[in-house]
file input.pdb (PDB, C-alpha atoms and all ligand atoms)
ATOM      1  CA  MET A   1       0.000   0.000   0.000
ATOM      2  CA  SER A   2       1.331   3.467  -0.833
ATOM      3  CA  THR A   3       1.508   6.138   1.858
ATOM      4  CA  ALA A   4       0.033   9.585   1.217
ATOM      5  CA  ARG A   5       2.237  12.535   2.141
ATOM      6  CA  ILE A   6       0.221  15.197   3.940
ATOM      7  CA  VAL A   7       0.994  18.748   5.053
ATOM      8  CA  VAL A   8      -1.389  19.921   7.801
ATOM      9  CA  LEU A   9      -2.106  23.632   8.383
ATOM     10  CA  VAL A  10      -3.221  24.844  11.837
ATOM     11  CA  SER A  11      -4.043  28.107  13.634
ATOM     12  CA  GLY A  12      -5.015  26.959  17.114
ATOM     13  CA  SER A  13      -5.296  24.133  19.577
ATOM     14  CA  GLY A  14      -4.851  21.426  16.958
ATOM     15  CA  THR A  15      -7.136  18.741  18.388
ATOM     16  CA  ASN A  16      -7.975  17.628  14.851
ATOM     17  CA  LEU A  17      -4.249  17.563  14.061
ATOM     18  CA  GLN A  18      -3.722  15.376  17.136
ATOM     19  CA  ALA A  19      -6.308  12.905  15.860
ATOM     20  CA  LEU A  20      -4.438  12.781  12.541
ATOM     21  CA  LEU A  21      -1.064  12.380  14.276
ATOM     22  CA  ASP A  22      -2.417   9.490  16.350
ATOM     23  CA  ALA A  23      -4.051   7.832  13.336
ATOM     24  CA  ALA A  24      -0.907   8.217  11.206
ATOM     25  CA  ASP A  25       1.140   6.390  13.859
ATOM     26  CA  ASP A  26      -0.502   3.222  12.506
ATOM     27  CA  PRO A  27       1.275   2.322   9.238
ATOM     28  CA  ASP A  28      -1.969   0.746   7.989
ATOM     29  CA  TYR A  29      -3.606   4.201   8.027
ATOM     30  CA  GLY A  30      -1.593   5.021   4.914
ATOM     31  CA  VAL A  31      -0.777   8.627   5.810
ATOM     32  CA  ARG A  32       2.526  10.305   6.627
ATOM     33  CA  ILE A  33       2.321  13.844   8.013
ATOM     34  CA  VAL A  34       5.441  15.393   6.498
ATOM     35  CA  ALA A  35       5.065  18.921   7.927
ATOM     36  CA  VAL A  36       2.728  21.151   9.920
ATOM     37  CA  GLY A  37       2.395  24.813   8.953
ATOM     38  CA  ALA A  38       0.747  27.748  10.682
ATOM     39  CA  ASP A  39      -0.125  31.410  10.224
ATOM     40  CA  ARG A  40       0.834  32.300  13.816
ATOM     41  CA  ASP A  41       3.457  31.371  16.428
ATOM     42  CA  GLU A  42       3.179  29.811  19.848
ATOM     43  CA  ILE A  43       0.078  27.738  19.310
ATOM     44  CA  GLU A  44      -0.630  24.318  20.712
ATOM     45  CA  GLY A  45      -1.053  22.921  17.206
ATOM     46  CA  LEU A  46       2.638  23.583  16.433
ATOM     47  CA  ALA A  47       3.677  22.212  19.835
ATOM     48  CA  ARG A  48       1.791  18.977  19.120
ATOM     49  CA  ALA A  49       3.711  18.572  15.855
ATOM     50  CA  GLU A  50       7.048  19.345  17.501
ATOM     51  CA  ARG A  51       6.398  16.757  20.229
ATOM     52  CA  HIS A  52       5.800  14.281  17.424
ATOM     53  CA  GLY A  53       9.111  15.180  15.744
ATOM     54  CA  ILE A  54       7.395  16.645  12.678
ATOM     55  CA  PRO A  55       8.905  19.715  10.945
ATOM     56  CA  THR A  56       6.929  22.924  11.396
ATOM     57  CA  PHE A  57       6.862  26.315   9.740
ATOM     58  CA  THR A  58       5.054  29.599  10.329
ATOM     59  CA  ARG A  59       4.304  32.429   7.948
ATOM     60  CA  ARG A  60       2.268  35.352   9.320
ATOM     61  CA  VAL A  61       0.138  37.384   6.923
ATOM     62  CA  SER A  62       1.234  40.580   8.717
ATOM     63  CA  ASP A  63       4.857  39.962   7.715
ATOM     64  CA  PHE A  64       3.993  40.341   4.020
ATOM     65  CA  GLU A  65       3.143  43.449   2.034
ATOM     66  CA  THR A  66       0.348  41.705   0.183
ATOM     67  CA  ARG A  67      -1.917  38.752   0.727
ATOM     68  CA  GLU A  68      -0.626  37.320  -2.546
ATOM     69  CA  GLY A  69       2.913  37.499  -1.182
ATOM     70  CA  TRP A  70       1.882  35.453   1.858
ATOM     71  CA  ASP A  71      -0.018  32.972  -0.288
ATOM     72  CA  ASN A  72       2.999  32.566  -2.548
ATOM     73  CA  ALA A  73       5.332  32.039   0.438
ATOM     74  CA  MET A  74       2.977  29.403   1.887
ATOM     75  CA  ALA A  75       2.813  27.605  -1.457
ATOM     76  CA  THR A  76       6.607  27.602  -1.787
ATOM     77  CA  LEU A  77       7.113  26.215   1.719
ATOM     78  CA  VAL A  78       4.448  23.559   1.320
ATOM     79  CA  SER A  79       5.905  22.496  -2.035
ATOM     80  CA  TRP A  80       9.269  21.718  -0.376
ATOM     81  CA  PHE A  81       7.531  18.841   1.410
ATOM     82  CA  GLU A  82       6.037  17.449  -1.833
ATOM     83  CA  PRO A  83       2.627  16.608  -0.355
ATOM     84  CA  ASP A  84      -0.060  14.555  -2.078
ATOM     85  CA  LEU A  85      -2.635  16.485  -0.072
ATOM     86  CA  VAL A  86      -2.877  19.550   2.185
ATOM     87  CA  VAL A  87      -5.262  19.318   5.154
ATOM     88  CA  CYS A  88      -6.495  22.408   7.018
ATOM     89  CA  ALA A  89      -7.112  21.483  10.667
ATOM     90  CA  GLY A  90      -8.517  24.603  12.276
ATOM     91  CA  PHE A  91      -6.550  26.836   9.866
ATOM     92  CA  MET A  92      -8.227  30.235  10.080
ATOM     93  CA  LYS A  93      -6.935  31.914   6.908
ATOM     94  CA  LEU A  94      -8.380  31.717   3.418
ATOM     95  CA  LEU A  95      -5.840  30.311   0.976
ATOM     96  CA  GLY A  96      -5.495  32.073  -2.366
ATOM     97  CA  GLN A  97      -6.001  30.674  -5.825
ATOM     98  CA  GLU A  98      -2.281  30.319  -6.493
ATOM     99  CA  PHE A  99      -2.003  27.977  -3.516
ATOM    100  CA  LEU A 100      -5.187  26.074  -4.356
ATOM    101  CA  ASP A 101      -4.083  25.592  -7.975
ATOM    102  CA  GLN A 102      -0.993  23.749  -6.727
ATOM    103  CA  PHE A 103      -2.377  21.514  -3.980
ATOM    104  CA  VAL A 104      -5.538  19.521  -3.431
ATOM    105  CA  THR A 105      -6.588  20.976  -0.075
ATOM    106  CA  LEU A 106      -9.164  19.587   2.371
ATOM    107  CA  ASN A 107     -10.837  21.408   5.249
ATOM    108  CA  THR A 108     -13.471  20.713   7.863
ATOM    109  CA  HIS A 109     -16.259  23.073   8.809
ATOM    110  CA  PRO A 110     -18.157  22.712  12.101
ATOM    111  CA  ALA A 111     -21.619  22.837  10.484
ATOM    112  CA  LEU A 112     -23.515  21.056   7.734
ATOM    113  CA  CYS A 113     -22.475  22.919   4.570
ATOM    114  CA  PRO A 114     -23.906  24.845   2.843
ATOM    115  CA  SER A 115     -25.473  26.019   6.141
ATOM    116  CA  PHE A 116     -23.691  28.448   8.447
ATOM    117  CA  PRO A 117     -20.420  29.142   6.581
ATOM    118  CA  GLY A 118     -17.687  31.262   8.107
ATOM    119  CA  MET A 119     -15.963  31.599  11.444
ATOM    120  CA  HIS A 120     -18.965  30.959  13.700
ATOM    121  CA  GLY A 121     -20.692  27.798  12.472
ATOM    122  CA  PRO A 122     -21.702  26.469  15.933
ATOM    123  CA  ARG A 123     -22.863  29.904  17.151
ATOM    124  CA  ASP A 124     -24.858  30.598  14.007
ATOM    125  CA  ALA A 125     -26.508  27.164  14.148
ATOM    126  CA  LEU A 126     -27.494  27.753  17.795
ATOM    127  CA  ASP A 127     -28.797  31.255  17.038
ATOM    128  CA  TYR A 128     -30.896  29.925  14.169
ATOM    129  CA  GLY A 129     -32.352  27.226  16.393
ATOM    130  CA  VAL A 130     -31.594  24.164  14.285
ATOM    131  CA  LYS A 131     -32.062  20.849  16.073
ATOM    132  CA  VAL A 132     -29.366  19.033  14.113
ATOM    133  CA  THR A 133     -26.011  20.368  12.964
ATOM    134  CA  GLY A 134     -22.715  18.606  12.300
ATOM    135  CA  ALA A 135     -19.408  18.721  10.512
ATOM    136  CA  THR A 136     -18.402  18.776   6.857
ATOM    137  CA  LEU A 137     -15.215  17.596   5.177
ATOM    138  CA  PHE A 138     -14.782  19.401   1.863
ATOM    139  CA  VAL A 139     -12.302  20.300  -0.860
ATOM    140  CA  VAL A 140     -11.252  23.918  -0.470
ATOM    141  CA  ASP A 141     -12.113  26.187  -3.400
ATOM    142  CA  GLY A 142     -11.945  29.960  -3.627
ATOM    143  CA  GLY A 143     -14.997  30.528  -1.408
ATOM    144  CA  VAL A 144     -15.820  30.382   2.280
ATOM    145  CA  ASP A 145     -16.738  26.752   3.094
ATOM    146  CA  THR A 146     -18.162  26.313  -0.412
ATOM    147  CA  GLY A 147     -16.068  23.540  -1.968
ATOM    148  CA  PRO A 148     -17.209  20.064  -3.037
ATOM    149  CA  ILE A 149     -18.383  18.014  -0.055
ATOM    150  CA  VAL A 150     -16.465  14.810   0.692
ATOM    151  CA  ALA A 151     -18.262  13.664   3.858
ATOM    152  CA  GLN A 152     -20.648  14.933   6.507
ATOM    153  CA  THR A 153     -21.641  13.796   9.978
ATOM    154  CA  THR A 154     -24.605  14.971  12.037
ATOM    155  CA  VAL A 155     -24.626  16.178  15.649
ATOM    156  CA  PRO A 156     -27.893  16.820  17.546
ATOM    157  CA  VAL A 157     -28.278  20.196  19.260
ATOM    158  CA  GLU A 158     -29.201  19.664  22.942
ATOM    159  CA  ALA A 159     -31.626  21.991  24.732
ATOM    160  CA  ASP A 160     -28.955  23.165  27.197
ATOM    161  CA  ASP A 161     -26.152  23.609  24.641
ATOM    162  CA  ASP A 162     -24.067  26.750  24.553
ATOM    163  CA  VAL A 163     -21.590  27.529  21.757
ATOM    164  CA  GLU A 164     -18.734  25.861  23.597
ATOM    165  CA  SER A 165     -20.515  22.598  24.442
ATOM    166  CA  LEU A 166     -21.952  22.297  20.938
ATOM    167  CA  HIS A 167     -18.615  23.015  19.233
ATOM    168  CA  GLU A 168     -16.881  20.505  21.498
ATOM    169  CA  ARG A 169     -19.330  17.738  20.516
ATOM    170  CA  ILE A 170     -18.919  18.671  16.843
ATOM    171  CA  LYS A 171     -15.129  18.436  17.224
ATOM    172  CA  VAL A 172     -15.473  14.968  18.729
ATOM    173  CA  ALA A 173     -17.618  13.969  15.740
ATOM    174  CA  GLU A 174     -15.065  15.510  13.336
ATOM    175  CA  ARG A 175     -12.320  13.344  14.757
ATOM    176  CA  THR A 176     -14.153  10.024  14.384
TER
HETATM  177  C1  LIG B   1     -12.753  22.577  14.121
HETATM  178  O1  LIG B   1     -14.052  22.681  14.654
HETATM  179  C2  LIG B   1     -12.802  22.754  12.626
HETATM  180  O2  LIG B   1     -13.984  22.332  12.049
HETATM  181  C3  LIG B   1     -12.680  24.236  12.474
HETATM  182  O3  LIG B   1     -11.773  24.620  13.483
HETATM  183  C4  LIG B   1     -11.846  23.691  14.565
HETATM  184  C5  LIG B   1     -10.434  23.220  14.809
HETATM  185  O4  LIG B   1     -10.184  22.878  16.116
HETATM  186  N1  LIG B   1     -12.284  24.571  11.135
HETATM  187  P1  LIG B   1      -8.715  22.380  16.535
HETATM  188  O5  LIG B   1      -7.744  23.531  16.365
HETATM  189  O6  LIG B   1      -8.362  21.207  15.680
HETATM  190  O7  LIG B   1      -8.842  21.995  17.979
END

call {"tool": "encode", "arguments": {"input": "input.pdb", "output": "structure tokens"}}
result
Amino acid sequence: MSTARIVVLVSGSGTNLQALLDAADDPDYGVRIVAVGADRDEIEGLARAERHGIPTFTRRVSDFETREGWDNAMATLVSWFEPDLVVCAGFMKLLGQEFLDQFVTLNTHPALCPSFPGMHGPRDALDYGVKVTGATLFVVDGGVDTGPIVAQTTVPVEADDDVESLHERIKVAERT
């Protein structure tokens, strides 16, 4: 069986990255995480990669004159690791077309696309009053949580949910 080379991009706590790191420890999973990249320093996601002995890199948008410059720098760095796939795991920046033209890129969204796109999927689902929400795995295109859907899983909204409890249950569902 061939092993897929994956670069994971993170911006935060990296619990989804951790699930991938744990899964990839099993050679039968068929995935090798070759690098973890971020758009900010000192985040737990990078620390998780470092503890696993995986190379990391950071490029902050604010260090570039233009968004295109940042996008280009990210694409160059990612290309050094020759990935078969890029996976966004809580990566909070939109990648530009130049990047997306070079790499098949997957992302997860904590809602059932096309509902509740953007940064606040769990909050927006709660505010709307839906009784079922969930998580979506999709191929990143130029839009906000608009790309082709690969898989979805549902999560019931409980009467006493707040944003945090709902998002936490969605994250558990995302990891399984
Ligand atoms: C997940 O809910 C994911 O759907 C969203 O960001 C969250 C990432 O959490 N895009 P973590 O950083 O993996 O803990």

call {"tool": "closest_residue", "arguments": {"input": "input.pdb", "among": "A:Asn72, A:Thr108, A:Ser79, A:Thr133", "to": "ligand LIG 1 (chain B)", "atoms": "all atoms listed in the file"}}
result
A:Thr108

call {"tool": "residues_near_ligand", "arguments": {"input": "input.pdb", "ligand": "ligand LIG 1 (chain B)", "cutoff": "7 Å", "atoms": "all atoms listed in the file", "output": "list in words"}}
result
Val10, Ser11, Gly12, Ser13, Gly14, Thr15, Asn16, Leu17, Gly45, Ala89, Gly90, Phe91, Asn107, Thr108, His109, Pro110, Ala135, His167, Ile170 and Lys171 of chain A

call {"tool": "resolve_selection", "arguments": {"input": "input.pdb", "expression": "the PyMOL selection byres (((chain A and resi 116-128) around 12) and not hetatm)", "output": "number ranges by chain"}}
result
A: 90-94, 108-115, 129-136, 143-147, 155-171

call {"tool": "residues_near_point", "arguments": {"input": "input.pdb", "point": "(-0.9, 18.5, 15.8)", "cutoff": "12 Å", "atoms": "all atoms listed in the file", "output": "PyMOL selection string"}}
result
chain A and resi 7-24+33-38+43-56+87-91

call {"tool": "atom_distance", "arguments": {"input": "input.pdb", "atom1": "atom CA of Pro83 of chain A", "atom2": "atom CA of Leu106 of chain A"}}
result
12.5 Å

call {"tool": "closest_residue", "arguments": {"input": "input.pdb", "among": "A:Gln97, A:Thr105, A:Thr3, A:Thr58", "to": "Val150 of chain A", "atoms": "only C-alpha atoms"}}
result
A:Thr105

call {"tool": "atom_distance", "arguments": {"input": "input.pdb", "atom1": "atom CA of Ser62 of chain A", "atom2": "atom CA of Arg5 of chain A"}}
result
28.8 Å

call {"tool": "resolve_selection", "arguments": {"input": "input.pdb", "expression": "the PyMOL selection byres (((chain A and resi 60) around 6) and not hetatm)", "output": "PyMOL selection string"}}
result
chain A and resi 39-40+59+61-63

call {"tool": "write_last_selection", "arguments": {"input": "input.pdb", "atoms": "C-alpha atoms", "output": "mmCIF file, keeping the file's coordinate frame"}}
result
data_model
loop_
_atom_site.group_PDB
_atom_site.id
_atom_site.type_symbol
_atom_site.label_atom_id
_atom_site.label_comp_id
_atom_site.auth_asym_id
_atom_site.auth_seq_id
_atom_site.Cartn_x
_atom_site.Cartn_y
_atom_site.Cartn_z
ATOM 1 C CA ASP A 39 -0.125 31.410 10.224
ATOM 2 C CA ARG A 40 0.834 32.300 13.816
ATOM 3 C CA ARG A 59 4.304 32.429 7.948
ATOM 4 C CA VAL A 61 0.138 37.384 6.923
ATOM 5 C CA SER A 62 1.234 40.580 8.717
ATOM 6 C CA ASP A 63 4.857 39.962 7.715
#

call {"tool": "atom_distance", "arguments": {"input": "input.pdb", "atom1": "atom CA of Tyr29 of chain A", "atom2": "atom CA of Glu42 of chain A"}}
result
29.0 Å

call {"tool": "closest_residue", "arguments": {"input": "input.pdb", "among": "A:Phe57, A:Arg175, A:Asp26, A:Gly96", "to": "Phe81 of chain A", "atoms": "all atoms listed in the file"}}
result
A:Phe57

call {"tool": "closest_residue", "arguments": {"input": "input.pdb", "among": "A:Val172, A:Leu95, A:Leu137, A:Ile149", "to": "Glu68 of chain A", "atoms": "only C-alpha atoms"}}
result
A:Leu95

call {"tool": "residues_near_point", "arguments": {"input": "input.pdb", "point": "(3.2, 21.0, -8.2)", "cutoff": "10 Å", "atoms": "all atoms listed in the file", "output": "list of chain:residue names"}}
result
A:Ala75, A:Thr76, A:Val78, A:Ser79, A:Trp80, A:Glu82, A:Pro83, A:Asp84, A:Phe99, A:Asp101, A:Gln102, A:Phe103

call {"tool": "decode", "arguments": {"input": "input.pdb", "residues": "segment 23-34 of chain A", "atoms": "all heavy atoms", "output": "PDB file, in the first residue's frame"}}
result
ATOM      1  N   ALA A  23      -3.647   8.800  14.364  1.00  0.00           N
ATOM      2  CA  ALA A  23      -4.051   7.832  13.336  1.00  0.00           C
ATOM      3  C   ALA A  23      -2.859   7.458  12.458  1.00  0.00           C
ATOM      4  O   ALA A  23      -2.673   6.285  12.101  1.00  0.00           O
ATOM      5  CB  ALA A  23      -5.175   8.416  12.486  1.00  0.00           C
ATOM      6  N   ALA A  24      -2.030   8.458  12.125  1.00  0.00           N
ATOM      7  CA  ALA A  24      -0.907   8.217  11.206  1.00  0.00           C
ATOM      8  C   ALA A  24       0.202   7.400  11.862  1.00  0.00           C
ATOM      9  O   ALA A  24       1.093   6.899  11.160  1.00  0.00           O
ATOM     10  CB  ALA A  24      -0.365   9.544  10.690  1.00  0.00           C
ATOM     11  N   ASP A  25       0.163   7.258  13.194  1.00  0.00           N
ATOM     12  CA  ASP A  25       1.140   6.390  13.859  1.00  0.00           C
ATOM     13  C   ASP A  25       0.968   4.939  13.433  1.00  0.00           C
ATOM     14  O   ASP A  25       1.894   4.136  13.546  1.00  0.00           O
ATOM     15  CB  ASP A  25       1.000   6.490  15.389  1.00  0.00           C
ATOM     16  CG  ASP A  25       1.701   7.723  15.936  1.00  0.00           C
ATOM     17  OD1 ASP A  25       2.539   8.297  15.210  1.00  0.00           O
ATOM     18  OD2 ASP A  25       1.404   8.101  17.087  1.00  0.00           O
ATOM     19  N   ASP A  26      -0.231   4.590  12.972  1.00  0.00           N
ATOM     20  CA  ASP A  26      -0.502   3.222  12.506  1.00  0.00           C
ATOM     21  C   ASP A  26      -0.136   3.156  11.012  1.00  0.00           C
ATOM     22  O   ASP A  26      -0.774   3.824  10.199  1.00  0.00           O
ATOM     23  CB  ASP A  26      -1.991   2.914  12.712  1.00  0.00           C
ATOM     24  CG  ASP A  26      -2.352   1.528  12.205  1.00  0.00           C
ATOM     25  OD1 ASP A  26      -1.479   0.853  11.610  1.00  0.00           O
ATOM     26  OD2 ASP A  26      -3.518   1.144  12.396  1.00  0.00           O
ATOM     27  N   PRO A  27       0.856   2.370  10.651  1.00  0.00           N
ATOM     28  CA  PRO A  27       1.275   2.322   9.238  1.00  0.00           C
ATOM     29  C   PRO A  27       0.125   1.921   8.312  1.00  0.00           C
ATOM     30  O   PRO A  27       0.099   2.321   7.140  1.00  0.00           O
ATOM     31  CB  PRO A  27       2.381   1.261   9.221  1.00  0.00           C
ATOM     32  CG  PRO A  27       2.739   0.989  10.632  1.00  0.00           C
ATOM     33  CD  PRO A  27       1.640   1.489  11.512  1.00  0.00           C
ATOM     34  N   ASP A  28      -0.840   1.168   8.829  1.00  0.00           N
ATOM     35  CA  ASP A  28      -1.969   0.746   7.989  1.00  0.00           C
ATOM     36  C   ASP A  28      -2.890   1.912   7.624  1.00  0.00           C
ATOM     37  O   ASP A  28      -3.729   1.790   6.731  1.00  0.00           O
ATOM     38  CB  ASP A  28      -2.804  -0.332   8.703  1.00  0.00           C
ATOM     39  CG  ASP A  28      -2.050  -1.650   8.767  1.00  0.00           C
ATOM     40  OD1 ASP A  28      -1.073  -1.801   8.000  1.00  0.00           O
ATOM     41  OD2 ASP A  28      -2.419  -2.495   9.600  1.00  0.00           O
ATOM     42  N   TYR A  29      -2.758   3.036   8.325  1.00  0.00           N
ATOM     43  CA  TYR A  29      -3.606   4.201   8.027  1.00  0.00           C
ATOM     44  C   TYR A  29      -3.236   4.798   6.663  1.00  0.00           C
ATOM     45  O   TYR A  29      -4.057   5.440   6.006  1.00  0.00           O
ATOM     46  CB  TYR A  29      -3.453   5.239   9.142  1.00  0.00           C
ATOM     47  CG  TYR A  29      -4.460   6.360   9.110  1.00  0.00           C
ATOM     48  CD1 TYR A  29      -5.827   6.124   9.259  1.00  0.00           C
ATOM     49  CD2 TYR A  29      -4.041   7.680   8.941  1.00  0.00           C
ATOM     50  CE1 TYR A  29      -6.740   7.155   9.240  1.00  0.00           C
ATOM     51  CE2 TYR A  29      -4.954   8.729   8.928  1.00  0.00           C
ATOM     52  CZ  TYR A  29      -6.298   8.457   9.073  1.00  0.00           C
ATOM     53  OH  TYR A  29      -7.201   9.486   9.045  1.00  0.00           O
ATOM     54  N   GLY A  30      -1.992   4.607   6.255  1.00  0.00           N
ATOM     55  CA  GLY A  30      -1.593   5.021   4.914  1.00  0.00           C
ATOM     56  C   GLY A  30      -1.321   6.503   4.753  1.00  0.00           C
ATOM     57  O   GLY A  30      -1.376   7.028   3.640  1.00  0.00           O
ATOM     58  N   VAL A  31      -1.030   7.181   5.876  1.00  0.00           N
ATOM     59  CA  VAL A  31      -0.777   8.627   5.810  1.00  0.00           C
ATOM     60  C   VAL A  31       0.522   8.946   6.542  1.00  0.00           C
ATOM     61  O   VAL A  31       0.776   8.423   7.627  1.00  0.00           O
ATOM     62  CB  VAL A  31      -1.942   9.396   6.482  1.00  0.00           C
ATOM     63  CG1 VAL A  31      -1.527  10.804   6.850  1.00  0.00           C
ATOM     64  CG2 VAL A  31      -3.154   9.431   5.560  1.00  0.00           C
ATOM     65  N   ARG A  32       1.341   9.788   5.928  1.00  0.00           N
ATOM     66  CA  ARG A  32       2.526  10.305   6.627  1.00  0.00           C
ATOM     67  C   ARG A  32       2.409  11.823   6.679  1.00  0.00           C
ATOM     68  O   ARG A  32       2.314  12.468   5.624  1.00  0.00           O
ATOM     69  CB  ARG A  32       3.797   9.873   5.886  1.00  0.00           C
ATOM     70  CG  ARG A  32       5.028  10.364   6.575  1.00  0.00           C
ATOM     71  CD  ARG A  32       6.283   9.708   6.019  1.00  0.00           C
ATOM     72  NE  ARG A  32       7.414  10.539   6.392  1.00  0.00           N
ATOM     73  CZ  ARG A  32       8.425  10.848   5.598  1.00  0.00           C
ATOM     74  NH1 ARG A  32       8.480  10.355   4.378  1.00  0.00           N
ATOM     75  NH2 ARG A  32       9.389  11.634   6.021  1.00  0.00           N
ATOM     76  N   ILE A  33       2.378  12.376   7.879  1.00  0.00           N
ATOM     77  CA  ILE A  33       2.321  13.844   8.013  1.00  0.00           C
ATOM     78  C   ILE A  33       3.757  14.341   7.892  1.00  0.00           C
ATOM     79  O   ILE A  33       4.594  14.086   8.767  1.00  0.00           O
ATOM     80  CB  ILE A  33       1.673  14.250   9.349  1.00  0.00           C
ATOM     81  CG1 ILE A  33       0.253  13.692   9.404  1.00  0.00           C
ATOM     82  CG2 ILE A  33       1.666  15.778   9.496  1.00  0.00           C
ATOM     83  CD1 ILE A  33      -0.462  13.898  10.713  1.00  0.00           C
ATOM     84  N   VAL A  34       4.054  15.024   6.789  1.00  0.00           N
ATOM     85  CA  VAL A  34       5.441  15.393   6.498  1.00  0.00           C
ATOM     86  C   VAL A  34       5.798  16.776   7.033  1.00  0.00           C
ATOM     87  O   VAL A  34       6.980  17.089   7.187  1.00  0.00           O
ATOM     88  CB  VAL A  34       5.745  15.302   4.985  1.00  0.00           C
ATOM     89  CG1 VAL A  34       5.748  13.845   4.543  1.00  0.00           C
ATOM     90  CG2 VAL A  34       4.744  16.103   4.156  1.00  0.00           C
TER      91      VAL A  34
END
